[in-house]
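Everything on this sheet refers to the single structure shown next.
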Amino acid sequence: MTEDDEFAEFANAHAERLRNTAFMLCHDWHLAQDLTQTALTKLFLSWRRAVQADNLTAYAQKILLRTYLDHRRRRSSTESTPGVLHEPAYRENPELRLTMLDALARLPERDRAIVILRYFEDYTVEQVADVLEVPVSIVKSQTRRSLTKLRELLAADQLALFAG
């Protein structure tokens with residue numbers, strides 16, 4: 001199997017998960033697709049080095065996260081994203097998902113990234129610290145603060161969200 005075939009197999013197997021992670025970060029399916037494509041392009045260009053990584057999926061997630069953060073830094077302060085989200089249908093409680101995504105959008109970028117990596121992508125504290133290149137103590141303290149903020153943001157909807 002050639003390197004191109006190996007990459008194509010990896011990309012086909014992981015593109016949807018990367019795109020979903022990108023959407024949770026940016027709340028725009030079109031931008032999520034662009035971020036995913038950019039991340040996969042960067043991964044392809046460094047494929048020989050990437051396949052030597054202990055966890056290729058984590059390596060790809062790290063590239064995606066850095067691509068998102070680079071995009072946020074370069075984005076003009078006057079640029080805005082459309083308010084309409086065209087999400088695919090979800091099997092489980094779409095109202096809860098939309099409410100959670102709205103609450104996540106209110107967190108600062110790094111805090112949002114920490115919560116998404118920890119609780120949606122099941123990364124360990126150490127893996128998140130490695131991806132973001134911050135100390136473990138920062139991940140722990142920002143996780144605690146972010147979860148407190150999410151509880152506050154979701155408090156008004158709690159009864160409606162978790163009833164029946």
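Convention: chains lettered A, B, ... in structure tokens order; per-chain residue numbering from 1; ligands numbered from 1 as shown.
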
Proximity check region 111-159 of chain A to region 24-41 of chain A, 8 Å, nearest pairs one decimal Å, only C-alpha atoms, as JSON lines:
{"residue": "A:Arg112", "atom": "CA", "partner": "A:Leu25", "partner_atom": "CA", "distance": 6.9}
{"residue": "A:Ala113", "atom": "CA", "partner": "A:Leu25", "partner_atom": "CA", "distance": 6.7}
{"residue": "A:Ile116", "atom": "CA", "partner": "A:Met24", "partner_atom": "CA", "distance": 7.3}

Nearby residues (only C-alpha atoms) at most 12 Å from Lys140 (chain A), same-chain spacing under 6 positions excluded, as number ranges by chain: A: 111, 114-115, 118, 124-129, 134, 146-147

Just the residues within 9 Å of Phe44 (chain A), please, counting only C-alpha atoms, with nothing from its chain fewer than 6 positions along; format it as JSON, numbers by chain. {"A": [4, 7, 50]}
